[in-house]
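Novice: mmCIF, C-alpha atoms (C1' of nucleotides), saved as coords.cif, coming up:
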data_target
#
loop_
_atom_site.group_PDB
_atom_site.id
_atom_site.type_symbol
_atom_site.label_atom_id
_atom_site.label_comp_id
_atom_site.auth_asym_id
_atom_site.auth_seq_id
_atom_site.Cartn_x
_atom_site.Cartn_y
_atom_site.Cartn_z
ATOM 1 C CA MET O 291 142.344 20.552 16.125
ATOM 2 C CA LYS O 292 140.247 21.293 19.172
ATOM 3 C CA GLU O 293 141.996 22.604 22.199
ATOM 4 C CA LYS O 294 141.320 19.658 24.406
ATOM 5 C CA ASP O 295 142.682 17.340 21.751
ATOM 6 C CA VAL O 296 146.074 18.777 22.500
ATOM 7 C CA TYR O 297 146.000 16.750 25.668
ATOM 8 C CA LYS O 298 145.592 13.509 23.772
ATOM 9 C CA ASN O 299 148.687 13.883 21.692
ATOM 10 C CA SER O 300 152.381 13.406 22.275
ATOM 11 C CA PHE O 301 152.014 11.164 25.251
ATOM 12 C CA ASP O 302 149.068 10.632 27.462
ATOM 13 C CA GLU O 303 149.949 12.027 30.820
ATOM 14 C CA CYS O 304 147.438 9.982 32.758
ATOM 15 C CA SER O 305 148.699 6.665 31.450
ATOM 16 C CA LEU O 306 152.171 7.846 32.203
ATOM 17 C CA THR O 307 151.325 8.768 35.754
ATOM 18 C CA TYR O 308 149.641 5.425 36.077
ATOM 19 C CA ALA O 309 152.712 3.597 34.802
ATOM 20 C CA LEU O 310 154.881 5.413 37.301
ATOM 21 C CA SER O 311 152.524 4.562 40.115
ATOM 22 C CA VAL O 312 152.864 0.924 39.124
ATOM 23 C CA ILE O 313 156.638 0.772 39.066
ATOM 24 C CA GLY O 314 157.129 3.440 41.731
ATOM 25 C CA GLY O 315 157.773 2.758 45.364
ATOM 26 C CA LYS O 316 161.010 1.793 46.950
ATOM 27 C CA TRP O 317 161.087 -1.937 46.281
ATOM 28 C CA ARG O 318 159.082 -2.542 43.136
ATOM 29 C CA LEU O 319 161.961 -2.034 40.763
ATOM 30 C CA PRO O 320 164.433 -4.209 42.660
ATOM 31 C CA ILE O 321 161.823 -6.945 42.727
ATOM 32 C CA LEU O 322 161.030 -6.725 39.023
ATOM 33 C CA TRP O 323 164.701 -6.636 38.304
ATOM 34 C CA ALA O 324 165.371 -9.765 40.333
ATOM 35 C CA LEU O 325 162.472 -11.581 38.701
ATOM 36 C CA ASN O 326 163.668 -10.565 35.284
ATOM 37 C CA GLN O 327 167.100 -11.956 35.900
ATOM 38 C CA GLN O 328 166.310 -15.036 37.888
ATOM 39 C CA GLY O 329 163.043 -16.239 36.413
ATOM 40 C CA PRO O 330 160.650 -18.045 38.751
ATOM 41 C CA VAL O 331 161.916 -17.395 42.242
ATOM 42 C CA ARG O 332 160.763 -18.480 45.647
ATOM 43 C CA TYR O 333 159.834 -16.043 48.352
ATOM 44 C CA ASN O 334 162.850 -16.439 50.580
ATOM 45 C CA GLU O 335 165.197 -16.614 47.640
ATOM 46 C CA LEU O 336 163.810 -13.290 46.509
ATOM 47 C CA LYS O 337 164.213 -11.876 49.967
ATOM 48 C CA ARG O 338 167.848 -12.892 50.072
ATOM 49 C CA SER O 339 168.644 -11.395 46.703
ATOM 50 C CA ILE O 340 167.121 -8.037 47.555
ATOM 51 C CA HIS O 341 169.375 -6.602 50.155
ATOM 52 C CA GLY O 342 167.685 -4.869 53.058
ATOM 53 C CA ILE O 343 164.063 -5.678 52.316
ATOM 54 C CA THR O 344 161.831 -6.852 55.144
ATOM 55 C CA ASN O 345 159.055 -9.434 55.041
ATOM 56 C CA MET O 346 156.599 -6.639 55.422
ATOM 57 C CA MET O 347 157.766 -4.728 52.396
ATOM 58 C CA LEU O 348 158.375 -7.777 50.231
ATOM 59 C CA THR O 349 154.948 -9.241 50.841
ATOM 60 C CA GLN O 350 153.236 -5.928 50.337
ATOM 61 C CA SER O 351 155.107 -5.093 47.141
ATOM 62 C CA LEU O 352 154.531 -8.544 45.688
ATOM 63 C CA LYS O 353 150.820 -8.267 46.336
ATOM 64 C CA GLU O 354 150.629 -4.880 44.708
ATOM 65 C CA LEU O 355 152.579 -5.970 41.653
ATOM 66 C CA GLU O 356 150.407 -9.045 41.417
ATOM 67 C CA SER O 357 147.255 -6.943 41.545
ATOM 68 C CA TYR O 358 148.489 -5.095 38.467
ATOM 69 C CA HIS O 359 149.111 -8.429 36.734
ATOM 70 C CA ILE O 360 152.770 -7.566 36.342
ATOM 71 C CA ILE O 361 153.949 -10.601 38.217
ATOM 72 C CA HIS O 362 152.523 -14.051 38.731
ATOM 73 C CA ARG O 363 152.256 -15.960 41.972
ATOM 74 C CA GLN O 364 152.411 -19.735 41.658
ATOM 75 C CA GLN O 365 151.606 -21.648 44.789
ATOM 76 C CA TYR O 366 152.431 -25.332 45.117
ATOM 77 C CA LEU O 367 150.454 -27.284 47.659
ATOM 78 C CA GLU O 368 153.386 -28.965 49.275
ATOM 79 C CA VAL O 369 154.864 -29.322 52.683
ATOM 80 C CA PRO O 370 156.846 -27.251 53.363
ATOM 81 C CA PRO O 371 154.901 -24.601 51.411
ATOM 82 C CA ARG O 372 156.410 -23.410 48.180
ATOM 83 C CA VAL O 373 155.557 -20.272 46.262
ATOM 84 C CA GLU O 374 157.226 -19.022 43.123
ATOM 85 C CA TYR O 375 157.013 -15.592 41.608
ATOM 86 C CA SER O 376 157.658 -14.675 38.003
ATOM 87 C CA LEU O 377 157.020 -11.908 35.501
ATOM 88 C CA THR O 378 153.884 -12.029 33.396
ATOM 89 C CA GLU O 379 153.734 -10.992 29.752
ATOM 90 C CA HIS O 380 153.002 -7.491 30.917
ATOM 91 C CA GLY O 381 155.978 -7.586 33.180
ATOM 92 C CA GLU O 382 158.231 -8.817 30.418
ATOM 93 C CA SER O 383 156.964 -6.168 28.039
ATOM 94 C CA LEU O 384 158.075 -3.491 30.445
ATOM 95 C CA MET O 385 161.721 -4.475 30.398
ATOM 96 C CA PRO O 386 162.793 -2.843 27.122
ATOM 97 C CA THR O 387 161.351 0.451 28.274
ATOM 98 C CA LEU O 388 163.066 0.152 31.616
ATOM 99 C CA LYS O 389 166.344 -0.428 29.856
ATOM 100 C CA ALA O 390 165.804 2.718 27.834
ATOM 101 C CA LEU O 391 165.029 4.639 30.993
ATOM 102 C CA ALA O 392 168.122 3.308 32.679
ATOM 103 C CA LYS O 393 170.236 4.347 29.729
ATOM 104 C CA TRP O 394 168.771 7.813 29.865
ATOM 105 C CA GLY O 395 169.389 8.009 33.592
ATOM 106 C CA LYS O 396 172.998 7.064 33.039
ATOM 107 C CA ASN O 397 173.437 9.847 30.513
ATOM 108 C CA VAL O 398 171.901 12.388 32.826
ATOM 109 C CA LYS O 399 174.030 11.255 35.708
ATOM 110 C CA ASN O 400 177.191 11.415 33.661
ATOM 111 C CA SER O 401 176.412 14.864 32.370
ATOM 112 C CA LEU O 402 176.295 16.211 35.896
ATOM 113 C CA SER O 403 179.757 15.162 36.946
ATOM 114 C CA MET A 232 180.696 -15.034 34.124
ATOM 115 C CA LYS A 233 181.331 -14.045 37.719
ATOM 116 C CA GLU A 234 178.370 -13.842 39.981
ATOM 117 C CA LYS A 235 178.520 -10.159 40.600
ATOM 118 C CA ASP A 236 178.667 -9.525 36.877
ATOM 119 C CA VAL A 237 175.087 -10.672 36.733
ATOM 120 C CA TYR A 238 174.213 -7.372 38.295
ATOM 121 C CA LYS A 239 175.744 -5.418 35.465
ATOM 122 C CA ASN A 240 173.658 -6.968 32.747
ATOM 123 C CA SER A 241 170.148 -6.521 31.436
ATOM 124 C CA PHE A 242 169.567 -3.094 32.852
ATOM 125 C CA ASP A 243 171.509 -1.276 35.460
ATOM 126 C CA GLU A 244 169.278 -0.941 38.445
ATOM 127 C CA CYS A 245 171.060 2.049 39.921
ATOM 128 C CA SER A 246 170.739 4.153 36.792
ATOM 129 C CA LEU A 247 167.144 3.134 36.636
ATOM 130 C CA THR A 248 166.482 4.149 40.201
ATOM 131 C CA TYR A 249 168.247 7.379 39.463
ATOM 132 C CA ALA A 250 166.096 8.029 36.424
ATOM 133 C CA LEU A 251 162.959 7.434 38.439
ATOM 134 C CA SER A 252 164.148 9.785 41.136
ATOM 135 C CA VAL A 253 164.589 12.425 38.468
ATOM 136 C CA ILE A 254 161.158 12.126 36.909
ATOM 137 C CA GLY A 255 159.421 11.035 40.098
ATOM 138 C CA GLY A 256 157.493 13.272 42.404
ATOM 139 C CA LYS A 257 154.011 14.510 41.964
ATOM 140 C CA TRP A 258 154.589 17.460 39.647
ATOM 141 C CA ARG A 259 157.688 16.690 37.615
ATOM 142 C CA LEU A 260 155.882 14.804 34.873
ATOM 143 C CA PRO A 261 153.111 17.348 34.396
ATOM 144 C CA ILE A 262 155.767 20.043 34.135
ATOM 145 C CA LEU A 263 157.877 18.153 31.616
ATOM 146 C CA TRP A 264 154.764 17.361 29.673
ATOM 147 C CA ALA A 265 153.692 20.990 29.544
ATOM 148 C CA LEU A 266 157.153 22.091 28.483
ATOM 149 C CA ASN A 267 157.257 19.428 25.804
ATOM 150 C CA GLN A 268 154.014 20.595 24.301
ATOM 151 C CA GLN A 269 154.288 24.314 24.708
ATOM 152 C CA GLY A 270 157.977 24.990 24.203
ATOM 153 C CA PRO A 271 159.455 27.939 26.102
ATOM 154 C CA VAL A 272 156.891 28.908 28.693
ATOM 155 C CA ARG A 273 156.769 31.602 31.319
ATOM 156 C CA TYR A 274 156.350 30.856 34.983
ATOM 157 C CA ASN A 275 152.771 31.953 35.411
ATOM 158 C CA GLU A 276 151.761 30.473 32.106
ATOM 159 C CA LEU A 277 153.125 27.165 33.328
ATOM 160 C CA LYS A 278 151.302 27.524 36.580
ATOM 161 C CA ARG A 279 148.019 28.091 34.794
ATOM 162 C CA SER A 280 148.430 25.086 32.548
ATOM 163 C CA ILE A 281 149.169 22.741 35.416
ATOM 164 C CA HIS A 282 145.955 22.480 37.303
ATOM 165 C CA GLY A 283 146.231 22.545 41.069
ATOM 166 C CA ILE A 284 149.909 23.258 41.464
ATOM 167 C CA THR A 285 150.992 25.867 43.995
ATOM 168 C CA ASN A 286 153.819 28.376 43.727
ATOM 169 C CA MET A 287 155.675 26.408 46.316
ATOM 170 C CA MET A 288 155.564 23.159 44.403
ATOM 171 C CA LEU A 289 156.133 24.708 40.996
ATOM 172 C CA THR A 290 159.194 26.636 42.095
ATOM 173 C CA GLN A 291 160.641 23.680 43.915
ATOM 174 C CA SER A 292 160.063 21.232 41.075
ATOM 175 C CA LEU A 293 161.483 23.606 38.501
ATOM 176 C CA LYS A 294 164.630 24.062 40.542
ATOM 177 C CA GLU A 295 165.093 20.364 40.950
ATOM 178 C CA LEU A 296 164.572 19.646 37.266
ATOM 179 C CA GLU A 297 166.953 22.445 36.430
ATOM 180 C CA SER A 298 169.592 21.009 38.734
ATOM 181 C CA TYR A 299 169.447 17.801 36.713
ATOM 182 C CA HIS A 300 169.856 19.804 33.507
ATOM 183 C CA ILE A 301 166.560 18.473 32.232
ATOM 184 C CA ILE A 302 165.072 21.894 31.794
ATOM 185 C CA HIS A 303 166.537 25.307 31.072
ATOM 186 C CA ARG A 304 165.728 28.547 32.832
ATOM 187 C CA GLN A 305 166.076 31.653 30.709
ATOM 188 C CA GLN A 306 165.808 34.919 32.582
ATOM 189 C CA TYR A 307 165.282 38.193 30.763
ATOM 190 C CA LEU A 308 166.313 41.332 32.570
ATOM 191 C CA GLU A 309 163.166 43.251 31.942
ATOM 192 C CA VAL A 310 160.565 45.039 33.940
ATOM 193 C CA PRO A 311 158.301 43.338 34.740
ATOM 194 C CA PRO A 312 160.558 40.314 35.189
ATOM 195 C CA ARG A 313 160.273 37.565 32.624
ATOM 196 C CA VAL A 314 161.493 34.010 32.905
ATOM 197 C CA GLU A 315 161.036 31.246 30.396
ATOM 198 C CA TYR A 316 161.456 27.540 30.915
ATOM 199 C CA SER A 317 162.152 24.944 28.257
ATOM 200 C CA LEU A 318 163.411 21.402 27.851
ATOM 201 C CA THR A 319 167.117 20.827 27.326
ATOM 202 C CA GLU A 320 168.532 18.196 24.999
ATOM 203 C CA HIS A 321 168.417 15.789 27.886
ATOM 204 C CA GLY A 322 164.830 16.644 28.497
ATOM 205 C CA GLU A 323 163.941 16.140 24.858
ATOM 206 C CA SER A 324 165.737 12.832 24.751
ATOM 207 C CA LEU A 325 163.534 11.544 27.510
ATOM 208 C CA MET A 326 160.301 11.992 25.612
ATOM 209 C CA PRO A 327 160.379 8.868 23.423
ATOM 210 C CA THR A 328 160.929 6.719 26.479
ATOM 211 C CA LEU A 329 158.123 8.425 28.321
ATOM 212 C CA LYS A 330 155.822 7.742 25.411
ATOM 213 C CA ALA A 331 156.762 4.076 25.546
ATOM 214 C CA LEU A 332 156.082 4.016 29.258
ATOM 215 C CA ALA A 333 152.734 5.696 28.769
ATOM 216 C CA LYS A 334 151.803 3.144 26.144
ATOM 217 C CA TRP A 335 152.732 0.341 28.495
ATOM 218 C CA GLY A 336 150.746 1.930 31.301
ATOM 219 C CA LYS A 337 147.730 2.112 29.046
ATOM 220 C CA ASN A 338 147.975 -1.585 28.234
ATOM 221 C CA VAL A 339 148.259 -2.505 31.872
ATOM 222 C CA LYS A 340 145.323 -0.334 32.798
ATOM 223 C CA ASN A 341 143.168 -1.784 30.046
ATOM 224 C CA SER A 342 144.026 -5.341 30.988
ATOM 225 C CA LEU A 343 142.651 -4.784 34.477
ATOM 226 C CA SER A 344 139.174 -3.719 33.465
ATOM 227 C "C1'" DC Y 205 155.769 38.629 37.582
ATOM 228 C "C1'" DA Y 206 158.226 35.232 39.675
ATOM 229 C "C1'" DG Y 207 159.410 33.186 43.715
ATOM 230 C "C1'" DC Y 208 160.472 32.395 49.036
ATOM 231 C "C1'" DA Y 209 159.604 31.225 54.261
ATOM 232 C "C1'" DT Y 210 156.994 28.946 57.558
ATOM 233 C "C1'" DC Y 211 154.261 25.715 59.347
ATOM 234 C "C1'" DC Y 212 151.594 21.481 59.022
ATOM 235 C "C1'" DT Y 213 149.689 16.877 57.732
ATOM 236 C "C1'" DA Y 214 149.250 12.399 55.642
ATOM 237 C "C1'" DC Y 215 151.138 8.523 54.298
ATOM 238 C "C1'" DC Y 216 155.029 5.651 52.823
ATOM 239 C "C1'" DG Y 217 158.172 2.763 54.474
ATOM 240 C "C1'" DG Y 218 160.209 0.281 58.478
ATOM 241 C "C1'" DA Y 219 161.103 -2.428 63.083
ATOM 242 C "C1'" DT Y 220 159.578 -6.032 65.633
ATOM 243 C "C1'" DA Y 221 157.083 -9.897 66.917
ATOM 244 C "C1'" DC Y 222 153.901 -13.533 65.832
ATOM 245 C "C1'" DT Y 223 151.535 -17.715 62.783
ATOM 246 C "C1'" DG Y 224 149.267 -21.423 59.390
ATOM 247 C "C1'" DC S 118 158.554 -21.598 54.398
ATOM 248 C "C1'" DA S 119 155.888 -17.861 53.519
ATOM 249 C "C1'" DG S 120 153.824 -14.869 55.199
ATOM 250 C "C1'" DT S 121 150.627 -11.171 59.114
ATOM 251 C "C1'" DA S 122 149.688 -7.775 62.731
ATOM 252 C "C1'" DT S 123 150.809 -3.741 65.126
ATOM 253 C "C1'" DC S 124 152.953 0.246 66.027
ATOM 254 C "C1'" DC S 125 155.871 4.256 64.673
ATOM 255 C "C1'" DG S 126 158.868 8.008 62.654
ATOM 256 C "C1'" DG S 127 160.567 10.777 58.595
ATOM 257 C "C1'" DT S 128 159.667 13.086 54.689
ATOM 258 C "C1'" DA S 129 157.195 14.453 50.503
ATOM 259 C "C1'" DG S 130 153.790 17.340 49.570
ATOM 260 C "C1'" DG S 131 150.623 21.302 50.684
ATOM 261 C "C1'" DA S 132 148.285 25.870 52.661
ATOM 262 C "C1'" DT S 133 149.103 30.396 53.440
ATOM 263 C "C1'" DG S 134 151.151 34.699 53.381
ATOM 264 C "C1'" DC S 135 155.065 37.715 52.085
ATOM 265 C "C1'" DT S 136 158.759 40.107 48.708
ATOM 266 C "C1'" DG S 137 162.459 41.911 45.072
#
Re-express the file's structure as structure tokens.

Specialist:
Amino acid sequence: MKEKDVYKNSFDECSLTYALSVIGGKWRLPILWALNQQGPVRYNELKRSIHGITNMMLTQSLKELESYHIIHRQQYLEVPPRVEYSLTEHGESLMPTLKALAKWGKNVKNSLS
Amino acid sequence: MKEKDVYKNSFDECSLTYALSVIGGKWRLPILWALNQQGPVRYNELKRSIHGITNMMLTQSLKELESYHIIHRQQYLEVPPRVEYSLTEHGESLMPTLKALAKWGKNVKNSLS
DNA sequence: CAGCATCCTACCGGATACTG
DNA sequence: CAGTATCCGGTAGGATGCTG
């Protein structure tokens, strides 16, 4: 095995860093979590269920998540305007891993007390 | 099911946030990754294998990871001083999840191109 | 060899007000 | 209802030099 091949094994650090950059940030996880639980959700509904978030942050985070194709934005041409957000396949496929991470986090937290 | 019980299901967002705060930060992942691959590693060895990290950042990150009991610091009372870092059980137990996350990240990245 | 102290900068996240 | 625009402060991260 060549030396640089070492870096391809185990887990690929770049993909990992990328994944973290996707779900990182203060509000991404709460948003994904809300979408996972509530299914298609309207903007203001989402805002109400995520305590403390501002329009600024919600809009920005939604756009970023959408650009990664993690969530889907469905706009209905109605009056008053109606927009619904939901997880895409990619978003859904993240959930099991997040659960595993949460479980791990719980263990770590418990071991410290 | 009571309304607030909804928040206990699926995955626990607080533990998840906690987990991310543990593995977050710019250098934590590269460090864990290096330790996972190389086993017990000395300080300067670690520094060399993580391109671009400074003493400041390495020391700080190691301390933080140690405080979470994710890594272990073994000091040998020798001259010159020798210190070796390695993953703890908790650290090891994180690896499968990280691999899953990396795999997911790869998929997401590929789907964008 | 392994690590600390100091200073500094960039950017993430936020408050507030406005709009199609 | 579903967003934008503008301004702003705190903190994570970094450069540099020093030490047991």

Novice: Selection in question (the file shown): the PyMOL selection byres ((chain O) within 10 of (chain Y)). Which residues does it include, as a list in words?

Specialist: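 Selection result, ordered by chain and number: Gly315, Lys316, Trp317, Ile343, Thr344, Met346 and Met347 of chain O.
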
Novice: Would you mind exporting the chosen residues as a JSON list (two decimals), in the coordinates of the input, restricted to C-alpha atoms?

Specialist:
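Once written, part.json looks like this:
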[["chain", "number", "residue", "atom", "x", "y", "z"],
["O", 315, "GLY", "CA", 157.77, 2.76, 45.36],
["O", 316, "LYS", "CA", 161.01, 1.79, 46.95],
["O", 317, "TRP", "CA", 161.09, -1.94, 46.28],
["O", 343, "ILE", "CA", 164.06, -5.68, 52.32],
["O", 344, "THR", "CA", 161.83, -6.85, 55.14],
["O", 346, "MET", "CA", 156.60, -6.64, 55.42],
["O", 347, "MET", "CA", 157.77, -4.73, 52.40]]

Novice: Once the PyMOL selection byres ((chain S) within 12 of (chain O)) has been applied to the shown file, what residues remain in the selection, as a compact mmCIF listing (two decimals) with C-alpha atoms (C1' of nucleotides), in the coordinates of the input?

Specialist:
# COMPACT_ATOMS: atom_id res chain seq x y z
C1' DC S 118 158.55 -21.60 54.40
C1' DA S 119 155.89 -17.86 53.52
C1' DG S 120 153.82 -14.87 55.20
C1' DT S 121 150.63 -11.17 59.11
C1' DA S 122 149.69 -7.78 62.73
C1' DT S 123 150.81 -3.74 65.13

Novice: Pull out every residue that the PyMOL selection byres ((chain O and resi 310-312) around 12) matches in the shown coordinates and put them as an MDAnalysis selection string.

Specialist: (chainID O and resid 303:309 313:319 322 351:361 380:381 384 388 391) or (chainID A and resid 250:252 254:257 259:260 329 331:337 339:340)

Novice: So what do you get for atom CA of O:Glu379 versus atom CA of O:Pro320, distance-wise?

Specialist: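 Between these atoms lies a distance of 18.1 Å.
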
Novice: Least-squares fit on all C-alpha atoms, paired in order: put chain O onto chain A and return it as a compact mmCIF listing (two decimals) with C-alpha atoms, keeping the file's coordinate frame.

Specialist:
# COMPACT_ATOMS: atom_id res chain seq x y z
CA MET O 291 180.87 -14.75 33.93
CA LYS O 292 181.56 -13.71 37.49
CA GLU O 293 178.66 -13.56 39.84
CA LYS O 294 178.75 -9.87 40.41
CA ASP O 295 178.75 -9.27 36.68
CA VAL O 296 175.20 -10.50 36.67
CA TYR O 297 174.27 -7.20 38.21
CA LYS O 298 175.71 -5.26 35.31
CA ASN O 299 173.63 -6.90 32.67
CA SER O 300 170.06 -6.58 31.48
CA PHE O 301 169.50 -3.15 32.88
CA ASP O 302 171.42 -1.32 35.49
CA GLU O 303 169.18 -1.00 38.48
CA CYS O 304 170.96 1.97 39.98
CA SER O 305 170.66 4.09 36.86
CA LEU O 306 167.06 3.08 36.70
CA THR O 307 166.38 4.08 40.26
CA TYR O 308 168.16 7.31 39.55
CA ALA O 309 166.02 7.97 36.48
CA LEU O 310 162.88 7.39 38.50
CA SER O 311 164.06 9.73 41.21
CA VAL O 312 164.51 12.37 38.54
CA ILE O 313 161.08 12.10 36.98
CA GLY O 314 159.33 11.02 40.18
CA GLY O 315 157.43 13.30 42.46
CA LYS O 316 153.95 14.58 42.01
CA TRP O 317 154.53 17.49 39.65
CA ARG O 318 157.63 16.70 37.65
CA LEU O 319 155.84 14.82 34.92
CA PRO O 320 153.08 17.38 34.42
CA ILE O 321 155.74 20.05 34.15
CA LEU O 322 157.86 18.15 31.64
CA TRP O 323 154.75 17.35 29.71
CA ALA O 324 153.69 20.99 29.54
CA LEU O 325 157.17 22.07 28.49
CA ASN O 326 157.27 19.41 25.83
CA GLN O 327 154.03 20.57 24.33
CA GLN O 328 154.32 24.29 24.71
CA GLY O 329 158.01 24.95 24.22
CA PRO O 330 159.50 27.90 26.11
CA VAL O 331 156.94 28.89 28.69
CA ARG O 332 156.82 31.60 31.29
CA TYR O 333 156.38 30.88 34.95
CA ASN O 334 152.80 32.00 35.36
CA GLU O 335 151.79 30.49 32.06
CA LEU O 336 153.14 27.20 33.30
CA LYS O 337 151.30 27.60 36.56
CA ARG O 338 148.03 28.17 34.76
CA SER O 339 148.43 25.16 32.52
CA ILE O 340 149.15 22.80 35.40
CA HIS O 341 145.93 22.59 37.28
CA GLY O 342 146.20 22.65 41.05
CA ILE O 343 149.89 23.36 41.46
CA THR O 344 150.99 25.98 43.97
CA ASN O 345 153.85 28.45 43.71
CA MET O 346 155.66 26.46 46.30
CA MET O 347 155.54 23.21 44.39
CA LEU O 348 156.13 24.76 40.98
CA THR O 349 159.20 26.67 42.06
CA GLN O 350 160.61 23.72 43.92
CA SER O 351 160.03 21.26 41.09
CA LEU O 352 161.47 23.61 38.50
CA LYS O 353 164.61 24.06 40.56
CA GLU O 354 165.05 20.35 40.99
CA LEU O 355 164.53 19.62 37.31
CA GLU O 356 166.94 22.40 36.47
CA SER O 357 169.57 20.95 38.79
CA TYR O 358 169.41 17.73 36.79
CA HIS O 359 169.86 19.73 33.58
CA ILE O 360 166.55 18.42 32.29
CA ILE O 361 165.08 21.84 31.85
CA HIS O 362 166.55 25.24 31.13
CA ARG O 363 165.76 28.49 32.86
CA GLN O 364 166.14 31.60 30.73
CA GLN O 365 165.89 34.86 32.58
CA TYR O 366 165.39 38.14 30.75
CA LEU O 367 166.45 41.27 32.56
CA GLU O 368 163.31 43.22 31.90
CA VAL O 369 160.69 45.03 33.85
CA PRO O 370 158.40 43.35 34.63
CA PRO O 371 160.65 40.30 35.11
CA ARG O 372 160.37 37.55 32.57
CA VAL O 373 161.55 33.98 32.90
CA GLU O 374 161.08 31.21 30.39
CA TYR O 375 161.50 27.51 30.93
CA SER O 376 162.18 24.91 28.29
CA LEU O 377 163.43 21.36 27.90
CA THR O 378 167.13 20.76 27.38
CA GLU O 379 168.54 18.11 25.07
CA HIS O 380 168.40 15.70 27.96
CA GLY O 381 164.82 16.58 28.56
CA GLU O 382 163.93 16.09 24.93
CA SER O 383 165.72 12.76 24.82
CA LEU O 384 163.50 11.49 27.58
CA MET O 385 160.27 11.95 25.67
CA PRO O 386 160.37 8.84 23.47
CA THR O 387 160.90 6.68 26.52
CA LEU O 388 158.09 8.38 28.35
CA LYS O 389 155.81 7.70 25.43
CA ALA O 390 156.74 4.04 25.56
CA LEU O 391 156.05 3.98 29.27
CA ALA O 392 152.70 5.64 28.78
CA LYS O 393 151.78 3.10 26.15
CA TRP O 394 152.71 0.30 28.49
CA GLY O 395 150.70 1.87 31.28
CA LYS O 396 147.69 2.06 29.01
CA ASN O 397 147.96 -1.63 28.19
CA VAL O 398 148.22 -2.56 31.83
CA LYS O 399 145.28 -0.40 32.74
CA ASN O 400 143.14 -1.85 29.99
CA SER O 401 143.99 -5.39 30.94
CA LEU O 402 142.61 -4.84 34.41
CA SER O 403 139.14 -3.77 33.41

Novice: Report, in Å to a single decimal, how far apart atom CA of O:Ser383 and atom CA of A:Leu343 are.

Specialist: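 Going from atom CA of A:Leu343 over to atom CA of O:Ser383 covers 15.8 Å.
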
Novice: With all atoms of stretch 123-129 of chain S from the file as input, state the centre and edge lengths in Å to one decimal of the axis-aligned box that has 4 Å extra on each side, as AutoDock Vina command-line options.

Specialist:
--center_x 155.7 --center_y 5.4 --center_z 58.3 --size_x 17.8 --size_y 26.2 --size_z 23.5

Novice: I'd like to know which of O:Ser376, O:Gln327, O:Ser339, O:Gln350 is closest to chain A, using all atoms listed in the file.

Specialist: O:Gln327

Novice: Would you work out the distance separating atom CA of O:Ala324 from atom CA of O:Ile340, expressed in Å to one decimal?

Specialist: 7.6 Å

Novice: Would you please work out which residue, of A:Gly270, A:Leu318, A:Asn338, A:Arg304, is nearest to chain O when using all atoms listed in the file?

Specialist: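 Going through A:Gly270, A:Leu318, A:Asn338, A:Arg304 one by one, the smallest distance to chain O is for A:Asn338.
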
Novice: Which is closest to chain O among A:Ile262, A:Leu277, A:His303, A:Val272, if we use all atoms listed in the file?

Specialist: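 Under the stated criterion, the closest residue is A:Ile262.
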
Novice: Looking at only C-alpha atoms, which of O:Lys389, O:Gln365, O:Gln328, O:Arg338 is the one that sits closest to A:Asp243?

Specialist: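 Ranking O:Lys389, O:Gln365, O:Gln328, O:Arg338 by distance to A:Asp243, first place goes to O:Lys389.
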